[in-house]
Amino acid sequence: MACFIRRRLLLEEVHSGQLFFEYLLVVSLRKKRNEEGYEPHITYQFPKREVMGRLQREEEEKCMKAAHLFCFPEGINWAPLTEYKSETFSFVLTEVDGSRRNGYCRRLLPAGRGARVPEAYCIISRVACFGLFSKIFDEVEKRRQISKAMIYPFMQSLAENTVTVTSFIPDAGTEIISLTRPAESWLEHVDFRTLFRCLNDDEVLMVFAATVMERQIIFISEELSTLSQVLHAVAALLYPFVWQHTFISIVPTVLIDVCAAPTPFLLGVQKSLLEQLTDHSDLMIVDLSPGAETKFITRMGDEESLLPAKLKEELLSRLSARKRDASTEELNRLVSEAFLSVFVRSVGHFSQHFRRSGNSRRFHKKSFLKAVQHKSHVDFVKLFIQTQMFDLFIQEEETQANPNAFFHRKVLEYHERKKKEKTKAGWV
């Protein structure tokens with residue numbers, strides 16, 4: 001009799017009308033002909049090419065090139081191994097229109113005897129949820145150890161039903177897996193634990209200040225998973241604003257020249273490539289390596305003074321309240337709300353400075369600046385409103401119906417709390 005096992009993965013139903021994932025690939029390394037080194041190639045893909053339409057095949061070709069680059073960003077210099085610690089990391093593919101797709105990758109040593117080269121599983125999806133796909137990789141990896149043929153029915157079930165999946169594994173029985181996602185959508189891709197393991201609170205604040213000012217920032221680490229987790233965590237600190245410039249969580253060797261671009265960027269670079277970063281001027285380079293003598297290989301030097309002193313003090317106080325045994329969800333909530341408070345207090349009054357002009361709304365920057373509540377915030381706000389992320393945020397507010405409802409609610413809660421404090425103190 002078949003044994004039924006019901007398990008719940010830490011995930012939720014995908015938004016209506018949105019594909020759960022676009023591709024699953026298995027990328028392996030094979031020895032180059034008549035040359036030294038290895039080159040990646042696709043040994044398995046879902047959906048299979050013959051069931052794709054023309055447009056999907058064109059998308060697939062782009063996806064294959066990206067998978068080659070990002071699943072093995074080190075390039076061709078590989079050698080067979082007997083031991084290899086499996087790691088999960090992610091990357092972002094930016095389309096011509098600015099839309100983004102997420103790549104999730106797990107790299108491991110395939111089952112077998114003797115020395116062999118790693119292989120990678122890669123999922124391409126418009127859904128941003130690192131935890132969700134990490135759990136799915138656990139399931140794919142389990143089936144791959146038995147037979148590659150077992151991957152297809154599992155992924156087919158996911159493609160057809162993104163809420164519950166029934167899957168049979170020999171000797172384990174039939175599993176019914178429920179998929180749920182985190183409540184706060186901007187935290188779906190984030191685990192702040194790695195960021196705060198690599199940097200202390202003051203160092204995180206300096207990185208945050210440089211990111212808010214849209215500077216050129218490079219993170220250095222030997223581990224791909226550390227790079228991807230830290231870069232996504234840093235980007236999440238900006239909520240409700242969104243990083244609008246170059247974002248590459250793991251820069252492949254062949255794309256290292258992007259580090260010399262004149263525009264703002266957030267880049268993750270493996271430590272073995274550090275010597276190739278020749279021009280350090282105007283860069284913040286952050287070394288995430290354990291035991292690094294200095295975390296900042298180079299920086300502009302003003303990062304400690306960019307945030308208003310009072311906001312910085314309150315932010316550090318809120319961060320100090322986190323507990324060592326906090327769950328990922330608890331840590332994410334505390335950290336995200338601490339950094340969100342910076343924007344609530346400094347620019348949260350923005351909604352009061354829109355004016356109707358015919359059928360459109362227009363933001364009045366001058367009146368907004370004059371209304372900054374604390375004079376100590378003015379210099380920070382003047383710099384921040386010049387950024388592209390602020391411009392795009394205001395454009396959304398001008399053209400869309402309540403696009404940042406959660407932020408509006410937090411601003412309202414702040415003002416109501418201040419009113420109660422004044423009433424209690426007898427000021428009103």
# chains A, B, ... in the order shown; residues from 1 in each chain; ligands from 1
call {"tool": "residues_around", "arguments": {"residues": "stretch 192-206 of chain A", "least_positions_apart": "4", "cutoff": "8 Å", "atoms": "only C-alpha atoms", "output": "JSON, numbers by chain"}}
result
{"A": [210, 226, 229, 230, 233, 234, 288, 289, 290, 295, 303, 304, 312, 316, 319, 328, 331, 332, 335]}
call {"tool": "select_by_dssp", "arguments": {"residues": "stretch 266-315 of chain A", "states": "strand (DSSP E or B)", "output": "list in words"}}
result
Leu266, Leu267, Gly268, Val269, Gln270, Leu283, Met284, Ile285, Val286, Asp287, Phe296, Ile297 and Thr298 of chain A
call {"tool": "residues_around", "arguments": {"residues": "stretch 250-258 of chain A", "least_positions_apart": "5", "cutoff": "8 Å", "atoms": "only C-alpha atoms", "output": "ChimeraX atom specification"}}
result
/A:69-70,72-75,91,224,227-228,267-270,273,276
